[in-house]
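The next block is my_file39.txt, given as compact mmCIF, C-alpha atoms.
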# COMPACT_ATOMS: atom_id res chain seq x y z
CA MET A 875 254.11 -16.42 -35.30
CA SER A 876 254.17 -19.47 -33.01
CA ALA A 877 254.70 -23.03 -34.23
CA SER A 878 251.05 -23.86 -33.55
CA GLN A 879 249.92 -20.83 -35.58
CA THR A 880 252.28 -21.73 -38.44
CA SER A 881 250.81 -25.24 -38.62
CA GLU A 882 247.38 -23.72 -39.43
CA VAL A 883 248.53 -21.44 -42.27
CA PRO A 884 247.32 -22.69 -45.69
CA THR A 885 250.31 -23.53 -47.91
CA LEU A 886 251.01 -24.87 -51.39
CA LEU A 887 253.69 -27.38 -52.23
CA VAL A 888 254.92 -26.62 -55.75
CA LYS A 889 256.97 -29.45 -57.30
CA ILE A 890 258.87 -29.14 -60.58
CA PHE A 891 260.36 -32.16 -62.41
CA GLY A 892 262.49 -32.39 -65.53
CA LYS A 893 265.87 -31.98 -67.17
CA ASP A 894 268.13 -29.71 -65.15
CA ARG A 895 269.63 -26.59 -66.67
CA PRO A 896 270.49 -23.08 -65.49
CA GLY A 897 267.59 -20.74 -64.79
CA ILE A 898 264.92 -23.21 -63.62
CA THR A 899 264.93 -22.10 -59.98
CA ALA A 900 265.01 -18.40 -60.93
CA GLY A 901 262.22 -18.92 -63.43
CA LEU A 902 259.94 -20.67 -60.95
CA PHE A 903 260.33 -17.99 -58.31
CA ASP A 904 259.93 -15.21 -60.85
CA THR A 905 256.62 -16.84 -61.74
CA LEU A 906 255.56 -17.13 -58.09
CA ALA A 907 256.67 -13.57 -57.29
CA ALA A 908 253.75 -12.18 -59.28
CA PHE A 909 251.42 -13.57 -56.59
CA SER A 910 253.22 -11.97 -53.58
CA LEU A 911 253.82 -15.27 -51.75
CA ASP A 912 256.09 -15.99 -48.80
CA VAL A 913 258.58 -18.84 -49.10
CA VAL A 914 258.30 -21.35 -46.25
CA ASP A 915 260.76 -24.00 -47.45
CA ILE A 916 262.80 -24.95 -50.53
CA GLU A 917 264.52 -28.17 -51.46
CA GLN A 918 266.20 -29.15 -54.72
CA VAL A 919 267.84 -32.40 -55.84
CA VAL A 920 269.60 -33.18 -59.11
CA THR A 921 270.30 -36.80 -59.98
CA ARG A 922 271.88 -37.77 -63.31
CA GLY A 923 270.79 -34.47 -64.79
CA ARG A 924 267.15 -34.75 -63.66
CA LEU A 925 265.91 -32.05 -61.31
CA VAL A 926 263.29 -32.20 -58.56
CA LEU A 927 262.58 -28.73 -57.17
CA CYS A 928 260.12 -28.31 -54.29
CA ALA A 929 258.90 -24.93 -53.03
CA LEU A 930 256.58 -24.68 -50.03
CA VAL A 931 254.84 -21.27 -50.19
CA THR A 932 251.95 -19.51 -48.49
CA GLN A 933 248.62 -19.82 -50.24
CA PRO A 934 247.55 -16.78 -52.30
CA PRO A 935 244.33 -14.87 -51.51
CA ALA A 936 240.98 -16.49 -52.35
CA GLY A 937 240.16 -16.35 -56.04
CA VAL A 938 243.80 -16.16 -57.11
CA GLU A 939 244.94 -19.76 -56.56
CA GLY A 940 243.44 -20.97 -59.82
CA ASP A 941 245.36 -18.34 -61.76
CA LEU A 942 248.55 -19.27 -59.92
CA ARG A 943 248.15 -22.96 -60.75
CA ALA A 944 247.51 -22.20 -64.42
CA THR A 945 250.46 -19.83 -64.60
CA VAL A 946 252.88 -22.29 -62.99
CA HIS A 947 251.78 -25.15 -65.25
CA SER A 948 252.06 -22.91 -68.33
CA TRP A 949 255.57 -21.81 -67.32
CA ALA A 950 256.63 -25.41 -66.63
CA GLU A 951 255.35 -26.53 -70.01
CA SER A 952 257.27 -23.72 -71.73
CA MET A 953 260.42 -25.01 -70.01
CA LYS A 954 259.60 -28.62 -70.99
CA MET A 955 259.16 -29.45 -67.30
CA GLN A 956 256.35 -31.00 -65.33
CA ALA A 957 254.61 -29.33 -62.38
CA GLU A 958 252.53 -30.58 -59.46
CA ILE A 959 250.84 -28.33 -56.90
CA ILE A 960 249.48 -29.74 -53.64
CA SER A 961 247.37 -27.80 -51.12
CA GLY A 962 247.89 -28.25 -47.41
CA HIS A 963 248.57 -26.52 -44.10
CA GLY A 964 251.72 -25.40 -42.39
CA ASP A 965 255.34 -26.41 -42.66
CA ASN A 966 256.99 -29.83 -42.54
CA ARG A 967 256.01 -31.90 -39.54
CA PRO A 968 258.40 -31.52 -36.58
CA ARG A 969 261.26 -33.99 -36.55
CA GLY A 970 261.42 -36.50 -33.72
CA VAL A 971 263.68 -36.12 -30.72
CA GLY A 972 267.16 -37.46 -31.35
CA ARG A 973 269.11 -36.56 -34.49
CA SER A 974 271.90 -38.60 -35.97
CA LEU A 975 273.96 -38.82 -39.13
CA VAL A 976 274.44 -42.32 -40.51
CA THR A 977 277.32 -42.60 -42.99
CA VAL A 978 277.45 -45.74 -45.13
CA LEU A 979 280.51 -46.75 -47.17
CA GLY A 980 280.11 -49.44 -49.81
CA HIS A 981 282.23 -50.83 -52.62
CA PRO A 982 279.79 -51.27 -54.18
CA LEU A 983 276.76 -50.02 -52.26
CA THR A 984 274.01 -52.44 -53.28
CA ALA A 985 270.25 -52.00 -53.29
CA GLU A 986 270.01 -54.95 -50.90
CA SER A 987 272.30 -53.39 -48.29
CA THR A 988 270.59 -50.00 -48.63
CA ALA A 989 267.19 -51.62 -48.08
CA ALA A 990 268.46 -53.46 -45.01
CA ILE A 991 269.91 -50.28 -43.50
CA ALA A 992 266.71 -48.29 -44.12
CA THR A 993 264.65 -51.11 -42.59
CA ARG A 994 266.87 -51.28 -39.52
CA ILE A 995 266.60 -47.50 -39.04
CA ALA A 996 262.81 -47.72 -39.21
CA LYS A 997 262.67 -50.65 -36.76
CA ALA A 998 264.80 -48.65 -34.32
CA GLY A 999 262.16 -45.90 -34.40
CA GLY A 1000 264.08 -43.56 -36.69
CA ASN A 1001 262.87 -41.56 -39.66
CA ILE A 1002 265.14 -40.78 -42.61
CA ASP A 1003 264.80 -37.03 -43.23
CA ARG A 1004 267.41 -36.60 -45.95
CA ILE A 1005 269.90 -38.66 -47.94
CA PHE A 1006 273.02 -37.19 -49.50
CA ARG A 1007 275.88 -38.77 -51.46
CA LEU A 1008 279.31 -37.76 -50.19
CA ALA A 1009 281.48 -39.67 -52.65
CA LYS A 1010 281.27 -42.02 -55.61
CA TYR A 1011 284.90 -43.22 -55.57
CA PRO A 1012 287.05 -44.89 -54.39
CA VAL A 1013 283.97 -45.98 -52.44
CA THR A 1014 280.33 -44.95 -52.57
CA ALA A 1015 279.64 -42.90 -49.43
CA VAL A 1016 276.10 -41.90 -48.52
CA GLU A 1017 274.88 -39.93 -45.51
CA PHE A 1018 271.42 -40.42 -43.96
CA ALA A 1019 270.04 -37.71 -41.67
CA VAL A 1020 267.89 -39.57 -39.15
CA SER A 1021 265.55 -38.27 -36.43
CA GLY A 1022 263.33 -39.91 -33.85
CA VAL A 1023 265.90 -42.16 -32.16
CA GLU A 1024 268.91 -41.39 -29.97
CA THR A 1025 272.38 -41.91 -31.42
CA GLU A 1026 273.64 -44.74 -29.19
CA PRO A 1027 270.66 -47.10 -29.70
CA LEU A 1028 270.80 -46.42 -33.43
CA ARG A 1029 274.54 -47.11 -33.53
CA THR A 1030 274.00 -50.38 -31.68
CA ALA A 1031 271.15 -51.40 -33.98
CA LEU A 1032 273.21 -50.82 -37.13
CA ALA A 1033 276.59 -52.11 -35.93
CA SER A 1034 275.65 -55.77 -36.20
CA ASP A 1035 274.46 -55.33 -39.79
CA ALA A 1036 277.58 -53.73 -41.26
CA ALA A 1037 279.81 -56.79 -41.62
CA ALA A 1038 277.00 -59.02 -42.88
CA LEU A 1039 276.03 -56.46 -45.51
CA GLY A 1040 279.58 -55.82 -46.66
CA VAL A 1041 279.46 -52.10 -45.82
CA ASP A 1042 280.93 -49.79 -43.20
CA ILE A 1043 278.47 -47.80 -41.10
CA ALA A 1044 279.22 -44.85 -38.82
CA VAL A 1045 276.60 -43.21 -36.61
CA VAL A 1046 277.30 -39.84 -34.98
CA ALA A 1047 275.10 -37.27 -33.29
CA ALA A 1048 274.01 -34.43 -35.56
CA GLY A 1049 274.55 -30.85 -34.46
CA LEU A 1050 276.93 -27.93 -34.46
CA HIS A 1051 279.89 -30.15 -33.55
CA ARG A 1052 280.15 -31.09 -37.23
CA ARG A 1053 281.31 -27.52 -37.89
CA ALA A 1054 283.40 -27.08 -34.76
CA GLN A 1055 287.17 -27.34 -34.51
CA ARG A 1056 288.13 -30.91 -33.78
CA LEU A 1057 291.09 -33.12 -33.04
CA VAL A 1058 291.99 -36.32 -34.92
CA VAL A 1059 294.52 -38.69 -33.33
CA MET A 1060 295.86 -41.70 -35.21
CA ASP A 1061 297.83 -44.80 -34.45
CA VAL A 1062 300.90 -45.06 -36.68
CA ASP A 1063 301.86 -48.67 -37.48
CA SER A 1064 299.39 -50.27 -39.94
CA THR A 1065 297.22 -47.13 -39.75
CA LEU A 1066 299.04 -43.97 -40.81
CA ILE A 1067 301.74 -46.12 -42.37
CA GLN A 1068 301.59 -49.56 -43.97
CA ASP A 1069 304.45 -50.95 -41.91
CA GLU A 1070 305.21 -52.10 -38.38
CA VAL A 1071 308.25 -49.96 -37.54
CA ILE A 1072 309.82 -52.43 -35.16
CA GLU A 1073 309.77 -55.03 -37.94
CA LEU A 1074 311.67 -52.61 -40.19
CA PHE A 1075 314.33 -52.30 -37.48
CA ALA A 1076 314.27 -56.07 -36.96
CA ALA A 1077 314.94 -56.69 -40.66
CA HIS A 1078 318.25 -54.86 -40.25
CA ALA A 1079 319.01 -56.93 -37.14
CA GLY A 1080 318.21 -60.24 -38.86
CA CYS A 1081 315.41 -61.12 -36.41
CA GLU A 1082 312.34 -60.04 -38.39
CA ASP A 1083 310.46 -63.33 -38.07
CA LYS A 1084 310.82 -63.46 -34.29
CA VAL A 1085 309.69 -59.86 -33.87
CA ALA A 1086 306.76 -60.25 -36.30
CA GLU A 1087 305.49 -63.25 -34.36
CA VAL A 1088 305.47 -61.34 -31.07
CA THR A 1089 303.94 -58.25 -32.73
CA ALA A 1090 301.04 -60.24 -34.21
CA ALA A 1091 300.23 -61.83 -30.87
CA ALA A 1092 300.30 -58.46 -29.12
CA MET A 1093 297.99 -56.85 -31.70
CA ARG A 1094 295.52 -59.72 -31.27
CA GLY A 1095 295.45 -58.95 -27.57
CA GLU A 1096 297.10 -62.23 -26.60
CA LEU A 1097 300.15 -60.64 -24.96
CA ASP A 1098 300.68 -57.71 -22.61
CA PHE A 1099 301.90 -54.88 -24.80
CA GLU A 1100 304.61 -53.56 -22.49
CA GLN A 1101 306.14 -57.00 -22.00
CA SER A 1102 306.05 -57.67 -25.72
CA LEU A 1103 307.60 -54.27 -26.43
CA HIS A 1104 310.57 -54.93 -24.15
CA ALA A 1105 310.99 -58.44 -25.59
CA ARG A 1106 311.04 -57.18 -29.18
CA VAL A 1107 313.28 -54.18 -28.52
CA ALA A 1108 315.79 -56.42 -26.73
CA LEU A 1109 316.35 -58.21 -30.03
CA LEU A 1110 317.64 -54.95 -31.53
CA GLU A 1111 320.57 -54.63 -29.14
CA GLY A 1112 323.78 -53.66 -30.86
CA LEU A 1113 322.26 -52.21 -34.05
CA ASP A 1114 324.17 -49.21 -35.37
CA ALA A 1115 322.22 -45.96 -34.90
CA SER A 1116 322.61 -45.21 -38.62
CA VAL A 1117 319.80 -47.70 -39.17
CA VAL A 1118 317.34 -45.02 -38.00
CA GLU A 1119 317.72 -43.04 -41.23
CA LYS A 1120 317.36 -46.23 -43.29
CA VAL A 1121 314.12 -47.14 -41.51
CA ARG A 1122 312.73 -43.63 -42.00
CA SER A 1123 313.32 -43.96 -45.74
CA GLU A 1124 311.60 -47.36 -45.81
CA VAL A 1125 308.37 -46.21 -44.14
CA ARG A 1126 305.40 -46.30 -46.55
CA LEU A 1127 302.43 -44.05 -45.90
CA THR A 1128 299.00 -45.66 -46.16
CA PRO A 1129 297.18 -44.66 -49.38
CA GLY A 1130 295.13 -41.55 -48.69
CA ALA A 1131 297.16 -40.55 -45.61
CA ARG A 1132 298.50 -37.31 -47.09
CA THR A 1133 295.07 -36.39 -48.44
CA LEU A 1134 293.45 -37.04 -45.06
CA ILE A 1135 295.92 -34.92 -43.12
CA ARG A 1136 296.10 -32.12 -45.69
CA THR A 1137 292.30 -31.86 -45.83
CA LEU A 1138 291.87 -31.96 -42.05
CA LYS A 1139 294.47 -29.24 -41.58
CA ARG A 1140 292.81 -27.09 -44.22
CA LEU A 1141 289.51 -27.48 -42.38
CA GLY A 1142 291.09 -26.20 -39.16
CA TYR A 1143 291.41 -29.56 -37.43
CA GLN A 1144 294.39 -30.41 -35.28
CA VAL A 1145 296.01 -33.77 -36.03
CA GLY A 1146 298.22 -35.98 -33.91
CA VAL A 1147 299.70 -39.45 -33.73
CA VAL A 1148 300.33 -41.80 -30.84
CA SER A 1149 302.38 -44.91 -31.34
CA GLY A 1150 303.70 -47.97 -29.60
CA GLY A 1151 306.56 -47.52 -32.04
CA PHE A 1152 309.39 -45.06 -31.71
CA THR A 1153 309.97 -41.31 -31.65
CA GLN A 1154 312.90 -41.86 -34.01
CA VAL A 1155 310.20 -42.35 -36.70
CA THR A 1156 307.19 -40.40 -35.39
CA ASP A 1157 309.19 -37.19 -34.95
CA ASP A 1158 310.16 -37.42 -38.60
CA LEU A 1159 306.52 -38.05 -39.63
CA LYS A 1160 305.40 -35.07 -37.54
CA GLU A 1161 307.78 -32.77 -39.38
CA ARG A 1162 307.07 -34.20 -42.86
CA LEU A 1163 303.28 -34.16 -42.53
CA GLY A 1164 302.84 -31.01 -40.45
CA LEU A 1165 301.25 -32.80 -37.49
CA ASP A 1166 300.35 -30.92 -34.33
CA PHE A 1167 301.10 -33.71 -31.85
CA ALA A 1168 303.23 -36.85 -31.80
CA GLN A 1169 304.17 -39.21 -29.00
CA ALA A 1170 305.80 -42.65 -29.02
CA ASN A 1171 308.37 -44.76 -27.21
CA THR A 1172 312.04 -43.85 -27.56
CA LEU A 1173 314.77 -46.32 -28.46
CA GLU A 1174 317.77 -45.84 -26.20
CA ILE A 1175 320.98 -45.13 -28.13
CA VAL A 1176 324.37 -45.15 -26.39
CA ASP A 1177 327.72 -44.67 -28.13
CA GLY A 1178 326.05 -44.83 -31.53
CA ARG A 1179 324.27 -48.15 -30.99
CA LEU A 1180 320.83 -49.32 -29.87
CA THR A 1181 320.96 -50.73 -26.36
CA GLY A 1182 317.89 -52.94 -26.70
CA ARG A 1183 315.97 -50.78 -24.26
CA VAL A 1184 313.41 -47.95 -24.42
CA THR A 1185 313.49 -44.81 -22.31
CA GLY A 1186 310.82 -42.60 -20.80
CA GLU A 1187 307.08 -43.12 -20.47
CA ILE A 1188 305.81 -46.27 -22.19
CA VAL A 1189 303.08 -45.65 -24.76
CA ASP A 1190 300.86 -48.70 -24.35
CA ARG A 1191 297.10 -49.24 -24.55
CA ALA A 1192 296.31 -47.10 -21.51
CA GLY A 1193 298.98 -44.60 -22.52
CA LYS A 1194 297.35 -43.95 -25.89
CA ALA A 1195 294.05 -43.03 -24.24
CA ARG A 1196 295.90 -40.85 -21.75
CA LEU A 1197 297.69 -39.05 -24.58
CA LEU A 1198 294.43 -38.52 -26.45
CA ARG A 1199 293.09 -36.70 -23.39
CA ARG A 1200 296.30 -34.72 -23.04
CA PHE A 1201 296.29 -33.65 -26.69
CA ALA A 1202 292.62 -32.67 -26.45
CA ALA A 1203 293.31 -30.53 -23.38
CA GLU A 1204 296.27 -28.83 -25.10
CA ALA A 1205 294.22 -28.26 -28.26
CA GLY A 1206 291.28 -26.87 -26.29
CA VAL A 1207 288.96 -29.47 -27.82
CA PRO A 1208 286.37 -31.35 -25.73
CA LEU A 1209 286.93 -35.11 -25.69
CA SER A 1210 283.53 -35.51 -27.35
CA GLN A 1211 284.94 -33.61 -30.36
CA THR A 1212 287.86 -35.99 -30.86
CA VAL A 1213 288.27 -38.71 -33.46
CA ALA A 1214 290.65 -41.62 -32.88
CA ILE A 1215 291.80 -44.04 -35.59
CA GLY A 1216 293.61 -47.32 -35.00
CA ASP A 1217 293.87 -50.97 -35.93
CA GLY A 1218 295.19 -52.93 -32.96
CA ALA A 1219 294.06 -54.12 -29.55
CA ASN A 1220 296.34 -51.55 -27.92
CA ASP A 1221 294.26 -48.82 -29.61
CA LEU A 1222 290.97 -49.87 -28.00
CA ASP A 1223 291.09 -47.60 -24.94
CA MET A 1224 291.84 -44.62 -27.18
CA LEU A 1225 289.06 -45.54 -29.64
CA ASN A 1226 286.51 -45.87 -26.84
CA ALA A 1227 287.60 -42.64 -25.12
CA ALA A 1228 287.19 -40.55 -28.29
CA GLY A 1229 283.95 -39.00 -29.45
CA LEU A 1230 284.27 -41.21 -32.53
CA GLY A 1231 286.53 -44.26 -32.57
CA VAL A 1232 287.33 -45.64 -36.02
CA ALA A 1233 288.80 -49.12 -36.46
CA PHE A 1234 290.83 -48.94 -39.67
CA ASN A 1235 291.35 -52.29 -41.43
CA ALA A 1236 291.46 -53.64 -37.91
CA LYS A 1237 291.65 -57.00 -36.20
CA PRO A 1238 288.24 -58.57 -35.43
CA VAL A 1239 288.42 -57.80 -31.70
CA VAL A 1240 288.97 -54.13 -32.52
CA ARG A 1241 286.21 -53.91 -35.16
CA GLU A 1242 283.71 -55.36 -32.70
CA ALA A 1243 284.59 -52.90 -29.91
CA ALA A 1244 285.05 -49.64 -31.86
CA HIS A 1245 282.27 -47.14 -32.66
CA THR A 1246 282.70 -47.82 -36.36
CA ALA A 1247 285.00 -49.62 -38.76
CA VAL A 1248 286.51 -48.73 -42.13
CA ASN A 1249 287.58 -51.80 -44.07
CA PHE A 1250 288.80 -50.09 -47.24
CA PRO A 1251 292.57 -49.57 -47.75
CA PHE A 1252 292.28 -45.79 -48.19
CA LEU A 1253 292.79 -43.68 -45.08
CA ASP A 1254 291.09 -40.63 -46.57
CA THR A 1255 287.73 -42.47 -46.53
CA VAL A 1256 287.61 -41.39 -42.87
CA LEU A 1257 286.84 -37.90 -44.20
CA TYR A 1258 283.40 -39.10 -45.31
CA LEU A 1259 282.58 -40.07 -41.73
CA LEU A 1260 283.15 -36.40 -40.88
CA GLY A 1261 280.76 -35.21 -43.59
CA VAL A 1262 283.44 -34.07 -46.03
CA THR A 1263 282.55 -34.76 -49.67
CA ARG A 1264 284.90 -36.00 -52.37
CA GLU A 1265 284.19 -32.89 -54.39
CA GLU A 1266 285.30 -30.70 -51.47
CA VAL A 1267 288.55 -32.65 -51.16
CA GLU A 1268 289.29 -32.35 -54.87
CA ALA A 1269 288.35 -28.67 -55.00
CA ALA A 1270 290.67 -27.92 -52.11
CA ASP A 1271 293.49 -29.89 -53.75
CA THR A 1272 293.01 -27.94 -56.96
CA HIS A 1273 293.15 -24.69 -54.97
CA ASP A 1274 296.42 -25.78 -53.36
CA GLU A 1275 297.96 -26.62 -56.73
CA GLY A 1276 296.97 -23.19 -58.04
Show how you would write the structure in this file as structure tokens.
Amino acid sequence: MSASQTSEVPTLLVKIFGKDRPGITAGLFDTLAAFSLDVVDIEQVVTRGRLVLCALVTQPPAGVEGDLRATVHSWAESMKMQAEIISGHGDNRPRGVGRSLVTVLGHPLTAESTAAIATRIAKAGGNIDRIFRLAKYPVTAVEFAVSGVETEPLRTALASDAAALGVDIAVVAAGLHRRAQRLVVMDVDSTLIQDEVIELFAAHAGCEDKVAEVTAAAMRGELDFEQSLHARVALLEGLDASVVEKVRSEVRLTPGARTLIRTLKRLGYQVGVVSGGFTQVTDDLKERLGLDFAQANTLEIVDGRLTGRVTGEIVDRAGKARLLRRFAAEAGVPLSQTVAIGDGANDLDMLNAAGLGVAFNAKPVVREAAHTAVNFPFLDTVLYLLGVTREEVEAADTHDEG
């Protein structure tokens, strides 16, 4: 039957409201089965123990509809539920061209910010087809399925509202890519870990303040990264190589980092890191966390001491984007299926090259240029941007423990 023919078929929308408990859905369809109906659509929502069950079914033969209505209402009353039956034609109206998923993170998510987001979607020409909560802690994460407007204009329309409303908003194209194998590549310093690795080395060299000052300027985009790297590393000249193990032990993972990586790996994602820091630390993180890819600068060590120089290819702003492309090619993942996460100005090329660039607790210049920003101190909140629910994360963790 063609779409035009389907739109002319008489249908009934049967809606059931009341306290949720096992057997309601089975009971409704057992009741409807007596009238030999076809099911066109079903949707069910349970909120705080209250159920709304909608069944769109073909209309019964003439002379039988009255009996059907009476039977459904009688069944609902016996179950201490309410029923509403609406006559009409056809299925749901076709959704507009352009489908996107809008993920909103709030702590808290207020009625005011939700109203503003819904209004902005409508003004952009979008229609909200479905709303689904992904998580209730440590943040409230809600996903809106939107049709009728292309992803990029919708992302632009919502981006300016996020900071003012005190929420994080991510907009991605809907489609099969949500279920496809993907690649996630992260920055390391102040993203995967809470520290700046060169500052940990500098603390052992007694020049932490000088290095921190140069690092901050570089992350703000005020200094050329490669020049600042050489200047900072030069201050480490003469350090005993044994300091590498000390620095590795001092590295602190960002809260949620293990959960993020463990969940992504379980879902079949490949995960990598790129860093303006040093392989002496990233190689250790790769082994500890089971990462698929890792690339960073390498501190030169001669005769058991740091020389104050780095060797090999410099991983700078352009280098991070280049490595993202290289990792994607090696993983067999289209660039559009990649996710990049970072906090500094030297991450911007990588964030913009990825299918989804996430600024994580980032500097203002980075938040403004990235596809989306996460301003909560938990790295695993990125999972919600990928459509993973908190319940799925916890269920998987429980499975692992078993």
**Item:** Minimum-distance residue to Gln933 in chain A, chosen among A:Thr1089, A:Thr1263, A:Ser1123, A:Ser961 (using only C-alpha atoms)
**Value:**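 Smallest separation from Gln933 in chain A among the options: A:Ser961.
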**Request:** For each of A:Arg1094, A:His1078, A:Arg1029, A:Lys997, take the minimum atom-to-atom distance to Val1046 in chain A, counting all atoms listed in the file, then give the residue where this is smallest.
**Result:**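 The closest residue to Val1046 in chain A is A:Arg1029.
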**Fill in**
For Val1062 in chain A, the closest of A:Leu1127, A:Ala1086, A:Leu887, A:Met953 counting all atoms listed in the file is A:Leu1127
**Request:** Using only C-alpha atoms, determine which residues lie at most 10 Å from Glu1024 in chain A, disregarding the query and same-chain residues fewer than 4 positions distant; provide the list as a list in words.
**Result:**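 The filter keeps Gly970, Val971, Gly972, Arg973, Ser974, Ala998, Gly999, Gly1000, Val1020, Leu1028, Arg1029, Val1046 and Ala1047 of chain A.
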**Request:** Could you pull out every residue with an atom within 12 Å of (284.4, -32.1, -41.0), file coordinates, counting all atoms listed in the file, and send them as a VMD selection string?
**Result:** chain A and resid 1008 1048 to 1058 1134 1137 to 1144 1211 to 1213 1256 to 1263 1266 to 1267
Just the selected residues (C-alpha atoms), exported as a PDB file, keeping the file's coordinate frame, please.
ATOM      1  CA  LEU A1008     279.310 -37.760 -50.190  1.00  0.00           C
ATOM      2  CA  ALA A1048     274.010 -34.430 -35.560  1.00  0.00           C
ATOM      3  CA  GLY A1049     274.550 -30.850 -34.460  1.00  0.00           C
ATOM      4  CA  LEU A1050     276.930 -27.930 -34.460  1.00  0.00           C
ATOM      5  CA  HIS A1051     279.890 -30.150 -33.550  1.00  0.00           C
ATOM      6  CA  ARG A1052     280.150 -31.090 -37.230  1.00  0.00           C
ATOM      7  CA  ARG A1053     281.310 -27.520 -37.890  1.00  0.00           C
ATOM      8  CA  ALA A1054     283.400 -27.080 -34.760  1.00  0.00           C
ATOM      9  CA  GLN A1055     287.170 -27.340 -34.510  1.00  0.00           C
ATOM     10  CA  ARG A1056     288.130 -30.910 -33.780  1.00  0.00           C
ATOM     11  CA  LEU A1057     291.090 -33.120 -33.040  1.00  0.00           C
ATOM     12  CA  VAL A1058     291.990 -36.320 -34.920  1.00  0.00           C
ATOM     13  CA  LEU A1134     293.450 -37.040 -45.060  1.00  0.00           C
ATOM     14  CA  THR A1137     292.300 -31.860 -45.830  1.00  0.00           C
ATOM     15  CA  LEU A1138     291.870 -31.960 -42.050  1.00  0.00           C
ATOM     16  CA  LYS A1139     294.470 -29.240 -41.580  1.00  0.00           C
ATOM     17  CA  ARG A1140     292.810 -27.090 -44.220  1.00  0.00           C
ATOM     18  CA  LEU A1141     289.510 -27.480 -42.380  1.00  0.00           C
ATOM     19  CA  GLY A1142     291.090 -26.200 -39.160  1.00  0.00           C
ATOM     20  CA  TYR A1143     291.410 -29.560 -37.430  1.00  0.00           C
ATOM     21  CA  GLN A1144     294.390 -30.410 -35.280  1.00  0.00           C
ATOM     22  CA  GLN A1211     284.940 -33.610 -30.360  1.00  0.00           C
ATOM     23  CA  THR A1212     287.860 -35.990 -30.860  1.00  0.00           C
ATOM     24  CA  VAL A1213     288.270 -38.710 -33.460  1.00  0.00           C
ATOM     25  CA  VAL A1256     287.610 -41.390 -42.870  1.00  0.00           C
ATOM     26  CA  LEU A1257     286.840 -37.900 -44.200  1.00  0.00           C
ATOM     27  CA  TYR A1258     283.400 -39.100 -45.310  1.00  0.00           C
ATOM     28  CA  LEU A1259     282.580 -40.070 -41.730  1.00  0.00           C
ATOM     29  CA  LEU A1260     283.150 -36.400 -40.880  1.00  0.00           C
ATOM     30  CA  GLY A1261     280.760 -35.210 -43.590  1.00  0.00           C
ATOM     31  CA  VAL A1262     283.440 -34.070 -46.030  1.00  0.00           C
ATOM     32  CA  THR A1263     282.550 -34.760 -49.670  1.00  0.00           C
ATOM     33  CA  GLU A1266     285.300 -30.700 -51.470  1.00  0.00           C
ATOM     34  CA  VAL A1267     288.550 -32.650 -51.160  1.00  0.00           C
TER      35      VAL A1267
END
**Prompt:** Near range 1150-1160 of chain A, within 8 Å and counting only C-alpha atoms, which residues show up once chain neighbours fewer than 2 positions away are dropped, as a ChimeraX atom specification?
**Reply:** /A:1062-1063,1070-1072,1118,1121-1122,1147-1148,1162-1173,1188-1190
**Asked** With only C-alpha atoms as the basis for distance, which of A:Thr1185, A:Ser1210, A:Thr1014, A:Ser1149 is at the shortest distance from Ala1227 in chain A?
**Response**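 Smallest distance to Ala1227 in chain A is found for A:Ser1210.
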**Message:** Restricting the calculation to all atoms listed in the file: of A:Leu1039, A:Leu906, A:Ala1219, A:Leu886, which residue gets closest to Ala989 in chain A?
**Reply:**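 Among A:Leu1039, A:Leu906, A:Ala1219, A:Leu886, it is A:Leu1039 that comes nearest to Ala989 in chain A.
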**Near-Leu911 in chain A list (9 Å; only C-alpha atoms; drop same-chain fewer than 3 positions) as a PyMOL selection string** = chain A and resi 906-908+931-934
**Request:** Choose the residue, out of A:Ala957, A:Ala1033, A:Val1184, A:Val1085, that has the smallest atom-to-atom separation from Arg994 in chain A; count all atoms listed in the file.
**Result:**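 Checking each candidate against Arg994 in chain A, we get A:Ala1033 as the closest.
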**Message:** Report as a list in words all protein, DNA and RNA residues lying within 9 Å of Asp1223 in chain A, evaluated on only C-alpha atoms, omitting residues in the same chain fewer than 2 positions from it.
**Reply:**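 With the cut-off at 9 Å, the set is Arg1191, Ala1192, Gly1193, Lys1194, Ala1195, Arg1196, Ala1219, Asn1220, Asp1221, Leu1225, Asn1226, Ala1227 and Ala1228 of chain A.
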Shell of 8 Å around range 915-925 of chain A, all atoms listed in the file, local chain residues under 4 positions omitted, as a JSON list (two decimals) with C-alpha atoms, in the coordinates of the input:
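Generated file (selection-v9.json):
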[["chain", "number", "residue", "atom", "x", "y", "z"],
["A", 890, "ILE", "CA", 258.87, -29.14, -60.58],
["A", 891, "PHE", "CA", 260.36, -32.16, -62.41],
["A", 892, "GLY", "CA", 262.49, -32.39, -65.53],
["A", 893, "LYS", "CA", 265.87, -31.98, -67.17],
["A", 894, "ASP", "CA", 268.13, -29.71, -65.15],
["A", 929, "ALA", "CA", 258.90, -24.93, -53.03],
["A", 930, "LEU", "CA", 256.58, -24.68, -50.03],
["A", 931, "VAL", "CA", 254.84, -21.27, -50.19],
["A", 965, "ASP", "CA", 255.34, -26.41, -42.66]]
